[in-house]
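Raw contents of input-v4.pdb, PDB, N, CA and C atoms, pLDDT in the B column:
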MODEL        1
ATOM      1  N   MET A   1       0.046  -7.467  10.202  1.00 62.00           N
ATOM      2  CA  MET A   1      -1.237  -7.461   9.538  1.00 62.00           C
ATOM      3  C   MET A   1      -1.000  -7.474   8.031  1.00 62.00           C
ATOM      4  N   ALA A   2      -1.644  -8.362   7.341  1.00 71.00           N
ATOM      5  CA  ALA A   2      -1.549  -8.426   5.881  1.00 71.00           C
ATOM      6  C   ALA A   2      -2.811  -7.822   5.297  1.00 71.00           C
ATOM      7  N   GLU A   3      -2.644  -6.768   4.519  1.00 77.00           N
ATOM      8  CA  GLU A   3      -3.812  -6.085   3.981  1.00 77.00           C
ATOM      9  C   GLU A   3      -4.067  -6.385   2.518  1.00 77.00           C
ATOM     10  N   GLY A   4      -3.079  -6.790   1.794  1.00 88.00           N
ATOM     11  CA  GLY A   4      -3.277  -7.020   0.375  1.00 88.00           C
ATOM     12  C   GLY A   4      -3.259  -5.730  -0.420  1.00 88.00           C
ATOM     13  N   LEU A   5      -3.775  -5.806  -1.634  1.00 94.00           N
ATOM     14  CA  LEU A   5      -3.784  -4.662  -2.529  1.00 94.00           C
ATOM     15  C   LEU A   5      -4.675  -3.556  -1.970  1.00 94.00           C
ATOM     16  N   CYS A   6      -4.160  -2.337  -1.984  1.00 96.00           N
ATOM     17  CA  CYS A   6      -4.956  -1.216  -1.487  1.00 96.00           C
ATOM     18  C   CYS A   6      -4.571   0.060  -2.229  1.00 96.00           C
ATOM     19  N   VAL A   7      -5.447   1.039  -2.120  1.00 97.00           N
ATOM     20  CA  VAL A   7      -5.196   2.388  -2.614  1.00 97.00           C
ATOM     21  C   VAL A   7      -5.196   3.276  -1.389  1.00 97.00           C
ATOM     22  N   GLN A   8      -4.163   4.087  -1.244  1.00 97.00           N
ATOM     23  CA  GLN A   8      -4.107   4.979  -0.095  1.00 97.00           C
ATOM     24  C   GLN A   8      -3.644   6.357  -0.533  1.00 97.00           C
ATOM     25  N   MET A   9      -4.018   7.341   0.281  1.00 98.00           N
ATOM     26  CA  MET A   9      -3.661   8.719  -0.030  1.00 98.00           C
ATOM     27  C   MET A   9      -3.550   9.493   1.271  1.00 98.00           C
ATOM     28  N   LEU A  10      -2.621  10.430   1.302  1.00 98.00           N
ATOM     29  CA  LEU A  10      -2.474  11.312   2.448  1.00 98.00           C
ATOM     30  C   LEU A  10      -3.451  12.471   2.308  1.00 98.00           C
ATOM     31  N   HIS A  11      -4.315  12.624   3.289  1.00 98.00           N
ATOM     32  CA  HIS A  11      -5.228  13.760   3.341  1.00 98.00           C
ATOM     33  C   HIS A  11      -4.668  14.765   4.334  1.00 98.00           C
ATOM     34  N   VAL A  12      -4.542  16.015   3.921  1.00 98.00           N
ATOM     35  CA  VAL A  12      -4.072  17.075   4.803  1.00 98.00           C
ATOM     36  C   VAL A  12      -5.205  18.069   4.961  1.00 98.00           C
ATOM     37  N   GLY A  13      -5.613  18.290   6.194  1.00 97.00           N
ATOM     38  CA  GLY A  13      -6.684  19.243   6.471  1.00 97.00           C
ATOM     39  C   GLY A  13      -7.697  18.642   7.420  1.00 97.00           C
ATOM     40  N   PRO A  14      -8.771  19.379   7.672  1.00 96.00           N
ATOM     41  CA  PRO A  14      -9.783  18.908   8.622  1.00 96.00           C
ATOM     42  C   PRO A  14     -10.536  17.703   8.082  1.00 96.00           C
ATOM     43  N   TYR A  15     -11.119  16.959   9.004  1.00 94.00           N
ATOM     44  CA  TYR A  15     -11.854  15.753   8.627  1.00 94.00           C
ATOM     45  C   TYR A  15     -13.021  16.077   7.706  1.00 94.00           C
ATOM     46  N   GLU A  16     -13.591  17.256   7.831  1.00 95.00           N
ATOM     47  CA  GLU A  16     -14.748  17.643   7.022  1.00 95.00           C
ATOM     48  C   GLU A  16     -14.424  17.701   5.528  1.00 95.00           C
ATOM     49  N   THR A  17     -13.159  17.847   5.164  1.00 97.00           N
ATOM     50  CA  THR A  17     -12.790  17.923   3.743  1.00 97.00           C
ATOM     51  C   THR A  17     -12.314  16.577   3.185  1.00 97.00           C
ATOM     52  N   GLU A  18     -12.385  15.517   3.989  1.00 96.00           N
ATOM     53  CA  GLU A  18     -11.974  14.196   3.506  1.00 96.00           C
ATOM     54  C   GLU A  18     -12.768  13.713   2.301  1.00 96.00           C
ATOM     55  N   PRO A  19     -14.075  14.033   2.185  1.00 96.00           N
ATOM     56  CA  PRO A  19     -14.807  13.553   1.006  1.00 96.00           C
ATOM     57  C   PRO A  19     -14.165  13.953  -0.325  1.00 96.00           C
ATOM     58  N   GLU A  20     -13.517  15.101  -0.388  1.00 97.00           N
ATOM     59  CA  GLU A  20     -12.835  15.517  -1.615  1.00 97.00           C
ATOM     60  C   GLU A  20     -11.684  14.561  -1.934  1.00 97.00           C
ATOM     61  N   THR A  21     -10.938  14.164  -0.919  1.00 97.00           N
ATOM     62  CA  THR A  21      -9.837  13.220  -1.112  1.00 97.00           C
ATOM     63  C   THR A  21     -10.376  11.853  -1.516  1.00 97.00           C
ATOM     64  N   VAL A  22     -11.464  11.432  -0.881  1.00 97.00           N
ATOM     65  CA  VAL A  22     -12.079  10.140  -1.205  1.00 97.00           C
ATOM     66  C   VAL A  22     -12.549  10.138  -2.663  1.00 97.00           C
ATOM     67  N   GLU A  23     -13.122  11.237  -3.136  1.00 97.00           N
ATOM     68  CA  GLU A  23     -13.547  11.330  -4.539  1.00 97.00           C
ATOM     69  C   GLU A  23     -12.364  11.142  -5.489  1.00 97.00           C
ATOM     70  N   ARG A  24     -11.238  11.753  -5.156  1.00 97.00           N
ATOM     71  CA  ARG A  24     -10.030  11.595  -5.992  1.00 97.00           C
ATOM     72  C   ARG A  24      -9.569  10.135  -5.996  1.00 97.00           C
ATOM     73  N   MET A  25      -9.657   9.493  -4.840  1.00 97.00           N
ATOM     74  CA  MET A  25      -9.247   8.094  -4.742  1.00 97.00           C
ATOM     75  C   MET A  25     -10.166   7.201  -5.581  1.00 97.00           C
ATOM     76  N   HIS A  26     -11.468   7.452  -5.518  1.00 97.00           N
ATOM     77  CA  HIS A  26     -12.412   6.657  -6.310  1.00 97.00           C
ATOM     78  C   HIS A  26     -12.191   6.872  -7.807  1.00 97.00           C
ATOM     79  N   ALA A  27     -11.874   8.086  -8.216  1.00 97.00           N
ATOM     80  CA  ALA A  27     -11.569   8.349  -9.625  1.00 97.00           C
ATOM     81  C   ALA A  27     -10.325   7.573 -10.048  1.00 97.00           C
ATOM     82  N   TYR A  28      -9.317   7.542  -9.185  1.00 97.00           N
ATOM     83  CA  TYR A  28      -8.082   6.795  -9.455  1.00 97.00           C
ATOM     84  C   TYR A  28      -8.411   5.312  -9.622  1.00 97.00           C
ATOM     85  N   MET A  29      -9.221   4.774  -8.711  1.00 97.00           N
ATOM     86  CA  MET A  29      -9.584   3.347  -8.779  1.00 97.00           C
ATOM     87  C   MET A  29     -10.358   3.053 -10.063  1.00 97.00           C
ATOM     88  N   GLU A  30     -11.316   3.901 -10.384  1.00 96.00           N
ATOM     89  CA  GLU A  30     -12.130   3.712 -11.589  1.00 96.00           C
ATOM     90  C   GLU A  30     -11.252   3.696 -12.840  1.00 96.00           C
ATOM     91  N   ALA A  31     -10.306   4.611 -12.913  1.00 96.00           N
ATOM     92  CA  ALA A  31      -9.432   4.711 -14.087  1.00 96.00           C
ATOM     93  C   ALA A  31      -8.547   3.481 -14.255  1.00 96.00           C
ATOM     94  N   ARG A  32      -8.336   2.755 -13.198  1.00 95.00           N
ATOM     95  CA  ARG A  32      -7.454   1.584 -13.246  1.00 95.00           C
ATOM     96  C   ARG A  32      -8.194   0.257 -13.129  1.00 95.00           C
ATOM     97  N   GLY A  33      -9.511   0.315 -13.172  1.00 95.00           N
ATOM     98  CA  GLY A  33     -10.300  -0.913 -13.136  1.00 95.00           C
ATOM     99  C   GLY A  33     -10.304  -1.582 -11.774  1.00 95.00           C
ATOM    100  N   LEU A  34     -10.189  -0.805 -10.713  1.00 96.00           N
ATOM    101  CA  LEU A  34     -10.184  -1.339  -9.354  1.00 96.00           C
ATOM    102  C   LEU A  34     -11.504  -1.043  -8.664  1.00 96.00           C
ATOM    103  N   VAL A  35     -11.929  -1.943  -7.797  1.00 96.00           N
ATOM    104  CA  VAL A  35     -13.126  -1.723  -6.996  1.00 96.00           C
ATOM    105  C   VAL A  35     -12.791  -1.982  -5.530  1.00 96.00           C
ATOM    106  N   GLN A  36     -13.474  -1.264  -4.683  1.00 94.00           N
ATOM    107  CA  GLN A  36     -13.279  -1.444  -3.244  1.00 94.00           C
ATOM    108  C   GLN A  36     -13.843  -2.797  -2.843  1.00 94.00           C
ATOM    109  N   ASN A  37     -13.123  -3.529  -1.993  1.00 93.00           N
ATOM    110  CA  ASN A  37     -13.602  -4.853  -1.586  1.00 93.00           C
ATOM    111  C   ASN A  37     -13.524  -5.044  -0.072  1.00 93.00           C
ATOM    112  N   GLY A  38     -13.830  -4.017   0.661  1.00 91.00           N
ATOM    113  CA  GLY A  38     -13.831  -4.094   2.121  1.00 91.00           C
ATOM    114  C   GLY A  38     -13.958  -2.694   2.693  1.00 91.00           C
ATOM    115  N   LEU A  39     -13.927  -2.635   4.001  1.00 92.00           N
ATOM    116  CA  LEU A  39     -14.055  -1.356   4.685  1.00 92.00           C
ATOM    117  C   LEU A  39     -12.756  -0.574   4.622  1.00 92.00           C
ATOM    118  N   HIS A  40     -12.871   0.735   4.492  1.00 92.00           N
ATOM    119  CA  HIS A  40     -11.672   1.587   4.491  1.00 92.00           C
ATOM    120  C   HIS A  40     -11.235   1.814   5.934  1.00 92.00           C
ATOM    121  N   HIS A  41     -10.013   2.261   6.097  1.00 93.00           N
ATOM    122  CA  HIS A  41      -9.593   2.699   7.424  1.00 93.00           C
ATOM    123  C   HIS A  41      -8.701   3.910   7.306  1.00 93.00           C
ATOM    124  N   GLU A  42      -8.535   4.563   8.424  1.00 95.00           N
ATOM    125  CA  GLU A  42      -7.789   5.811   8.484  1.00 95.00           C
ATOM    126  C   GLU A  42      -6.665   5.680   9.500  1.00 95.00           C
ATOM    127  N   ILE A  43      -5.533   6.279   9.169  1.00 95.00           N
ATOM    128  CA  ILE A  43      -4.379   6.298  10.070  1.00 95.00           C
ATOM    129  C   ILE A  43      -4.091   7.767  10.367  1.00 95.00           C
ATOM    130  N   TYR A  44      -4.244   8.154  11.617  1.00 96.00           N
ATOM    131  CA  TYR A  44      -4.064   9.549  12.012  1.00 96.00           C
ATOM    132  C   TYR A  44      -2.599   9.797  12.350  1.00 96.00           C
ATOM    133  N   LEU A  45      -1.990  10.750  11.664  1.00 97.00           N
ATOM    134  CA  LEU A  45      -0.565  11.022  11.835  1.00 97.00           C
ATOM    135  C   LEU A  45      -0.285  12.209  12.747  1.00 97.00           C
ATOM    136  N   THR A  46      -1.300  13.016  13.013  1.00 97.00           N
ATOM    137  CA  THR A  46      -1.109  14.191  13.866  1.00 97.00           C
ATOM    138  C   THR A  46      -2.091  14.142  15.027  1.00 97.00           C
ATOM    139  N   ASP A  47      -1.755  14.842  16.074  1.00 96.00           N
ATOM    140  CA  ASP A  47      -2.604  14.923  17.260  1.00 96.00           C
ATOM    141  C   ASP A  47      -3.479  16.171  17.122  1.00 96.00           C
ATOM    142  N   PRO A  48      -4.807  15.999  16.981  1.00 93.00           N
ATOM    143  CA  PRO A  48      -5.673  17.166  16.791  1.00 93.00           C
ATOM    144  C   PRO A  48      -5.704  18.102  18.002  1.00 93.00           C
ATOM    145  N   ARG A  49      -5.214  17.633  19.132  1.00 95.00           N
ATOM    146  CA  ARG A  49      -5.155  18.514  20.305  1.00 95.00           C
ATOM    147  C   ARG A  49      -3.971  19.465  20.225  1.00 95.00           C
ATOM    148  N   LYS A  50      -2.986  19.142  19.380  1.00 96.00           N
ATOM    149  CA  LYS A  50      -1.763  19.942  19.307  1.00 96.00           C
ATOM    150  C   LYS A  50      -1.552  20.609  17.952  1.00 96.00           C
ATOM    151  N   THR A  51      -2.372  20.261  16.980  1.00 96.00           N
ATOM    152  CA  THR A  51      -2.186  20.752  15.614  1.00 96.00           C
ATOM    153  C   THR A  51      -3.473  21.416  15.140  1.00 96.00           C
ATOM    154  N   PRO A  52      -3.378  22.574  14.493  1.00 97.00           N
ATOM    155  CA  PRO A  52      -4.597  23.191  13.953  1.00 97.00           C
ATOM    156  C   PRO A  52      -5.172  22.318  12.835  1.00 97.00           C
ATOM    157  N   PRO A  53      -6.492  22.368  12.618  1.00 96.00           N
ATOM    158  CA  PRO A  53      -7.125  21.513  11.601  1.00 96.00           C
ATOM    159  C   PRO A  53      -6.482  21.590  10.223  1.00 96.00           C
ATOM    160  N   SER A  54      -5.969  22.724   9.837  1.00 96.00           N
ATOM    161  CA  SER A  54      -5.351  22.835   8.502  1.00 96.00           C
ATOM    162  C   SER A  54      -4.106  21.968   8.364  1.00 96.00           C
ATOM    163  N   GLY A  55      -3.533  21.547   9.472  1.00 97.00           N
ATOM    164  CA  GLY A  55      -2.326  20.730   9.438  1.00 97.00           C
ATOM    165  C   GLY A  55      -2.547  19.269   9.782  1.00 97.00           C
ATOM    166  N   TRP A  56      -3.784  18.867  10.018  1.00 98.00           N
ATOM    167  CA  TRP A  56      -4.059  17.461  10.331  1.00 98.00           C
ATOM    168  C   TRP A  56      -3.690  16.585   9.145  1.00 98.00           C
ATOM    169  N   LYS A  57      -3.035  15.470   9.424  1.00 98.00           N
ATOM    170  CA  LYS A  57      -2.623  14.533   8.374  1.00 98.00           C
ATOM    171  C   LYS A  57      -3.223  13.167   8.677  1.00 98.00           C
ATOM    172  N   THR A  58      -3.906  12.626   7.684  1.00 98.00           N
ATOM    173  CA  THR A  58      -4.577  11.337   7.817  1.00 98.00           C
ATOM    174  C   THR A  58      -4.313  10.520   6.560  1.00 98.00           C
ATOM    175  N   ILE A  59      -3.903   9.281   6.723  1.00 97.00           N
ATOM    176  CA  ILE A  59      -3.795   8.375   5.584  1.00 97.00           C
ATOM    177  C   ILE A  59      -5.135   7.667   5.448  1.00 97.00           C
ATOM    178  N   LEU A  60      -5.724   7.776   4.273  1.00 97.00           N
ATOM    179  CA  LEU A  60      -6.965   7.069   3.954  1.00 97.00           C
ATOM    180  C   LEU A  60      -6.587   5.852   3.123  1.00 97.00           C
ATOM    181  N   ARG A  61      -7.100   4.695   3.496  1.00 96.00           N
ATOM    182  CA  ARG A  61      -6.703   3.459   2.802  1.00 96.00           C
ATOM    183  C   ARG A  61      -7.944   2.619   2.491  1.00 96.00           C
ATOM    184  N   PHE A  62      -8.048   2.217   1.213  1.00 96.00           N
ATOM    185  CA  PHE A  62      -9.151   1.386   0.754  1.00 96.00           C
ATOM    186  C   PHE A  62      -8.598   0.064   0.220  1.00 96.00           C
ATOM    187  N   PRO A  63      -9.089  -1.068   0.728  1.00 96.00           N
ATOM    188  CA  PRO A  63      -8.710  -2.339   0.112  1.00 96.00           C
ATOM    189  C   PRO A  63      -9.398  -2.435  -1.250  1.00 96.00           C
ATOM    190  N   VAL A  64      -8.683  -2.944  -2.239  1.00 96.00           N
ATOM    191  CA  VAL A  64      -9.232  -3.011  -3.600  1.00 96.00           C
ATOM    192  C   VAL A  64      -8.917  -4.350  -4.247  1.00 96.00           C
ATOM    193  N   GLU A  65      -9.629  -4.603  -5.327  1.00 95.00           N
ATOM    194  CA  GLU A  65      -9.356  -5.746  -6.197  1.00 95.00           C
ATOM    195  C   GLU A  65      -9.645  -5.331  -7.610  1.00 95.00           C
ATOM    196  N   GLN A  66      -9.100  -6.083  -8.548  1.00 93.00           N
ATOM    197  CA  GLN A  66      -9.340  -5.805  -9.965  1.00 93.00           C
ATOM    198  C   GLN A  66     -10.805  -6.084 -10.275  1.00 93.00           C
ATOM    199  N   ARG A  67     -11.425  -5.192 -11.026  1.00 87.00           N
ATOM    200  CA  ARG A  67     -12.815  -5.351 -11.402  1.00 87.00           C
ATOM    201  C   ARG A  67     -12.957  -6.585 -12.286  1.00 87.00           C
ATOM    202  N   ASP A  68     -14.007  -7.370 -12.044  1.00 83.00           N
ATOM    203  CA  ASP A  68     -14.303  -8.543 -12.865  1.00 83.00           C
ATOM    204  C   ASP A  68     -14.907  -8.076 -14.184  1.00 83.00           C
ATOM    205  N   LEU A  69     -14.234  -8.341 -15.269  1.00 75.00           N
ATOM    206  CA  LEU A  69     -14.668  -7.864 -16.577  1.00 75.00           C
ATOM    207  C   LEU A  69     -15.529  -8.880 -17.331  1.00 75.00           C
ATOM    208  N   SER A  70     -15.831  -9.993 -16.699  1.00 66.00           N
ATOM    209  CA  SER A  70     -16.634 -11.015 -17.411  1.00 66.00           C
ATOM    210  C   SER A  70     -18.120 -10.720 -17.362  1.00 66.00           C
TER
ENDMDL
END
Show me, as structure tokens, the structure contained in the file I just sent.
Amino acid sequence: MAEGLCVQMLHVGPYETEPETVERMHAYMEARGLVQNGLHHEIYLTDPRKTPPSGWKTILRFPVEQRDLS
């Protein structure tokens, strides 16, 4: 699968706290002149049936492109 340019971050903790990680990612994109250009996706690294929520690990990934400055 070819995804192209993206911004990704490891989120550690329950799914309910993901918005905090997403906010940090959007701030990072804004500071670098990047905009989201597609749907985000998540990659789950831990099994929630075997790991307490505080240890859940999820990669959040947003496809991005350089903001058009014209």
| request: Could you find all residues in chain A that DSSP calls strand (DSSP E) from the backbone, and write them as a PyMOL selection string? | output: chain A and resi 6-12+34-36+41-44+57-66
Those same residues, written as a PDB file, in the coordinates of the input with N, CA and C atoms?
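Saved the output as result11.pdb:
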ATOM      1  N   CYS A   6      -4.160  -2.337  -1.984  1.00 96.00           N
ATOM      2  CA  CYS A   6      -4.956  -1.216  -1.487  1.00 96.00           C
ATOM      3  C   CYS A   6      -4.571   0.060  -2.229  1.00 96.00           C
ATOM      4  N   VAL A   7      -5.447   1.039  -2.120  1.00 97.00           N
ATOM      5  CA  VAL A   7      -5.196   2.388  -2.614  1.00 97.00           C
ATOM      6  C   VAL A   7      -5.196   3.276  -1.389  1.00 97.00           C
ATOM      7  N   GLN A   8      -4.163   4.087  -1.244  1.00 97.00           N
ATOM      8  CA  GLN A   8      -4.107   4.979  -0.095  1.00 97.00           C
ATOM      9  C   GLN A   8      -3.644   6.357  -0.533  1.00 97.00           C
ATOM     10  N   MET A   9      -4.018   7.341   0.281  1.00 98.00           N
ATOM     11  CA  MET A   9      -3.661   8.719  -0.030  1.00 98.00           C
ATOM     12  C   MET A   9      -3.550   9.493   1.271  1.00 98.00           C
ATOM     13  N   LEU A  10      -2.621  10.430   1.302  1.00 98.00           N
ATOM     14  CA  LEU A  10      -2.474  11.312   2.448  1.00 98.00           C
ATOM     15  C   LEU A  10      -3.451  12.471   2.308  1.00 98.00           C
ATOM     16  N   HIS A  11      -4.315  12.624   3.289  1.00 98.00           N
ATOM     17  CA  HIS A  11      -5.228  13.760   3.341  1.00 98.00           C
ATOM     18  C   HIS A  11      -4.668  14.765   4.334  1.00 98.00           C
ATOM     19  N   VAL A  12      -4.542  16.015   3.921  1.00 98.00           N
ATOM     20  CA  VAL A  12      -4.072  17.075   4.803  1.00 98.00           C
ATOM     21  C   VAL A  12      -5.205  18.069   4.961  1.00 98.00           C
ATOM     22  N   LEU A  34     -10.189  -0.805 -10.713  1.00 96.00           N
ATOM     23  CA  LEU A  34     -10.184  -1.339  -9.354  1.00 96.00           C
ATOM     24  C   LEU A  34     -11.504  -1.043  -8.664  1.00 96.00           C
ATOM     25  N   VAL A  35     -11.929  -1.943  -7.797  1.00 96.00           N
ATOM     26  CA  VAL A  35     -13.126  -1.723  -6.996  1.00 96.00           C
ATOM     27  C   VAL A  35     -12.791  -1.982  -5.530  1.00 96.00           C
ATOM     28  N   GLN A  36     -13.474  -1.264  -4.683  1.00 94.00           N
ATOM     29  CA  GLN A  36     -13.279  -1.444  -3.244  1.00 94.00           C
ATOM     30  C   GLN A  36     -13.843  -2.797  -2.843  1.00 94.00           C
ATOM     31  N   HIS A  41     -10.013   2.261   6.097  1.00 93.00           N
ATOM     32  CA  HIS A  41      -9.593   2.699   7.424  1.00 93.00           C
ATOM     33  C   HIS A  41      -8.701   3.910   7.306  1.00 93.00           C
ATOM     34  N   GLU A  42      -8.535   4.563   8.424  1.00 95.00           N
ATOM     35  CA  GLU A  42      -7.789   5.811   8.484  1.00 95.00           C
ATOM     36  C   GLU A  42      -6.665   5.680   9.500  1.00 95.00           C
ATOM     37  N   ILE A  43      -5.533   6.279   9.169  1.00 95.00           N
ATOM     38  CA  ILE A  43      -4.379   6.298  10.070  1.00 95.00           C
ATOM     39  C   ILE A  43      -4.091   7.767  10.367  1.00 95.00           C
ATOM     40  N   TYR A  44      -4.244   8.154  11.617  1.00 96.00           N
ATOM     41  CA  TYR A  44      -4.064   9.549  12.012  1.00 96.00           C
ATOM     42  C   TYR A  44      -2.599   9.797  12.350  1.00 96.00           C
ATOM     43  N   LYS A  57      -3.035  15.470   9.424  1.00 98.00           N
ATOM     44  CA  LYS A  57      -2.623  14.533   8.374  1.00 98.00           C
ATOM     45  C   LYS A  57      -3.223  13.167   8.677  1.00 98.00           C
ATOM     46  N   THR A  58      -3.906  12.626   7.684  1.00 98.00           N
ATOM     47  CA  THR A  58      -4.577  11.337   7.817  1.00 98.00           C
ATOM     48  C   THR A  58      -4.313  10.520   6.560  1.00 98.00           C
ATOM     49  N   ILE A  59      -3.903   9.281   6.723  1.00 97.00           N
ATOM     50  CA  ILE A  59      -3.795   8.375   5.584  1.00 97.00           C
ATOM     51  C   ILE A  59      -5.135   7.667   5.448  1.00 97.00           C
ATOM     52  N   LEU A  60      -5.724   7.776   4.273  1.00 97.00           N
ATOM     53  CA  LEU A  60      -6.965   7.069   3.954  1.00 97.00           C
ATOM     54  C   LEU A  60      -6.587   5.852   3.123  1.00 97.00           C
ATOM     55  N   ARG A  61      -7.100   4.695   3.496  1.00 96.00           N
ATOM     56  CA  ARG A  61      -6.703   3.459   2.802  1.00 96.00           C
ATOM     57  C   ARG A  61      -7.944   2.619   2.491  1.00 96.00           C
ATOM     58  N   PHE A  62      -8.048   2.217   1.213  1.00 96.00           N
ATOM     59  CA  PHE A  62      -9.151   1.386   0.754  1.00 96.00           C
ATOM     60  C   PHE A  62      -8.598   0.064   0.220  1.00 96.00           C
ATOM     61  N   PRO A  63      -9.089  -1.068   0.728  1.00 96.00           N
ATOM     62  CA  PRO A  63      -8.710  -2.339   0.112  1.00 96.00           C
ATOM     63  C   PRO A  63      -9.398  -2.435  -1.250  1.00 96.00           C
ATOM     64  N   VAL A  64      -8.683  -2.944  -2.239  1.00 96.00           N
ATOM     65  CA  VAL A  64      -9.232  -3.011  -3.600  1.00 96.00           C
ATOM     66  C   VAL A  64      -8.917  -4.350  -4.247  1.00 96.00           C
ATOM     67  N   GLU A  65      -9.629  -4.603  -5.327  1.00 95.00           N
ATOM     68  CA  GLU A  65      -9.356  -5.746  -6.197  1.00 95.00           C
ATOM     69  C   GLU A  65      -9.645  -5.331  -7.610  1.00 95.00           C
ATOM     70  N   GLN A  66      -9.100  -6.083  -8.548  1.00 93.00           N
ATOM     71  CA  GLN A  66      -9.340  -5.805  -9.965  1.00 93.00           C
ATOM     72  C   GLN A  66     -10.805  -6.084 -10.275  1.00 93.00           C
TER      73      GLN A  66
END
| Who sits within 7 Å of Pro53 (chain A), only N, CA and C atoms, same chain under 2 positions skipped, as a PyMOL selection string | chain A and resi 12-15+48+51+55-56
Next, the residues of the selection above should be written as a PDB file, in the frame of the given file with N, CA and C atoms.
ATOM      1  N   VAL A  12      -4.542  16.015   3.921  1.00 98.00           N
ATOM      2  CA  VAL A  12      -4.072  17.075   4.803  1.00 98.00           C
ATOM      3  C   VAL A  12      -5.205  18.069   4.961  1.00 98.00           C
ATOM      4  N   GLY A  13      -5.613  18.290   6.194  1.00 97.00           N
ATOM      5  CA  GLY A  13      -6.684  19.243   6.471  1.00 97.00           C
ATOM      6  C   GLY A  13      -7.697  18.642   7.420  1.00 97.00           C
ATOM      7  N   PRO A  14      -8.771  19.379   7.672  1.00 96.00           N
ATOM      8  CA  PRO A  14      -9.783  18.908   8.622  1.00 96.00           C
ATOM      9  C   PRO A  14     -10.536  17.703   8.082  1.00 96.00           C
ATOM     10  N   TYR A  15     -11.119  16.959   9.004  1.00 94.00           N
ATOM     11  CA  TYR A  15     -11.854  15.753   8.627  1.00 94.00           C
ATOM     12  C   TYR A  15     -13.021  16.077   7.706  1.00 94.00           C
ATOM     13  N   PRO A  48      -4.807  15.999  16.981  1.00 93.00           N
ATOM     14  CA  PRO A  48      -5.673  17.166  16.791  1.00 93.00           C
ATOM     15  C   PRO A  48      -5.704  18.102  18.002  1.00 93.00           C
ATOM     16  N   THR A  51      -2.372  20.261  16.980  1.00 96.00           N
ATOM     17  CA  THR A  51      -2.186  20.752  15.614  1.00 96.00           C
ATOM     18  C   THR A  51      -3.473  21.416  15.140  1.00 96.00           C
ATOM     19  N   GLY A  55      -3.533  21.547   9.472  1.00 97.00           N
ATOM     20  CA  GLY A  55      -2.326  20.730   9.438  1.00 97.00           C
ATOM     21  C   GLY A  55      -2.547  19.269   9.782  1.00 97.00           C
ATOM     22  N   TRP A  56      -3.784  18.867  10.018  1.00 98.00           N
ATOM     23  CA  TRP A  56      -4.059  17.461  10.331  1.00 98.00           C
ATOM     24  C   TRP A  56      -3.690  16.585   9.145  1.00 98.00           C
TER      25      TRP A  56
END
Residues near Arg67 (chain A), anyone? I mean within 8 Å using all atoms listed in the file, not counting same-chain ones fewer than 5 positions away, as a PDB file with N, CA and C atoms, keeping the file's coordinate frame.
ATOM      1  N   ARG A  32      -8.336   2.755 -13.198  1.00 95.00           N
ATOM      2  CA  ARG A  32      -7.454   1.584 -13.246  1.00 95.00           C
ATOM      3  C   ARG A  32      -8.194   0.257 -13.129  1.00 95.00           C
ATOM      4  N   GLY A  33      -9.511   0.315 -13.172  1.00 95.00           N
ATOM      5  CA  GLY A  33     -10.300  -0.913 -13.136  1.00 95.00           C
ATOM      6  C   GLY A  33     -10.304  -1.582 -11.774  1.00 95.00           C
ATOM      7  N   LEU A  34     -10.189  -0.805 -10.713  1.00 96.00           N
ATOM      8  CA  LEU A  34     -10.184  -1.339  -9.354  1.00 96.00           C
ATOM      9  C   LEU A  34     -11.504  -1.043  -8.664  1.00 96.00           C
ATOM     10  N   VAL A  35     -11.929  -1.943  -7.797  1.00 96.00           N
ATOM     11  CA  VAL A  35     -13.126  -1.723  -6.996  1.00 96.00           C
ATOM     12  C   VAL A  35     -12.791  -1.982  -5.530  1.00 96.00           C
ATOM     13  N   GLN A  36     -13.474  -1.264  -4.683  1.00 94.00           N
ATOM     14  CA  GLN A  36     -13.279  -1.444  -3.244  1.00 94.00           C
ATOM     15  C   GLN A  36     -13.843  -2.797  -2.843  1.00 94.00           C
TER      16      GLN A  36
END
| So what does the PyMOL selection byres (((chain A and resi 61 and name CA) around 6) and name CA) actually pick up in this one, as a list in words? | Val7, Gln8, His40, His41, Leu60 and Phe62 of chain A
| field | Which residue of A:Leu45, A:Val64, A:Leu69, A:Ala31 approaches Leu10 (chain A) most closely, using only C-alpha atoms | value |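 Smallest separation from Leu10 (chain A) among the options: A:Leu45.
Comparing A:Glu20, A:Lys57, A:Asp68, A:Pro63 by their smallest distance to Glu3 (chain A), the closest is A:Pro63 (using only N, CA and C atoms).
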| query | What does the distance from CA of Val22 (chain A) to CA of Leu39 (chain A) come to in Å, to one decimal? | reply | 13.1 Å
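What separates CA of Gln66 (chain A) from atom C of Glu16 (chain A) is a distance of 28.6 Å.
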Kindly provide, as JSON, the centre and edge lengths (Å, one decimal) of an axis-aligned box around all atoms of region 49-56 of chain A given in the file, with 3 Å on each side.
{"center_x": -4.3, "center_y": 19.9, "center_z": 14.3, "size_x": 11.6, "size_y": 12.6, "size_z": 17.9}
| query | CA of Glu30 (chain A) and atom N of Tyr44 (chain A), how far apart in Å? | reply | 24.9 Å
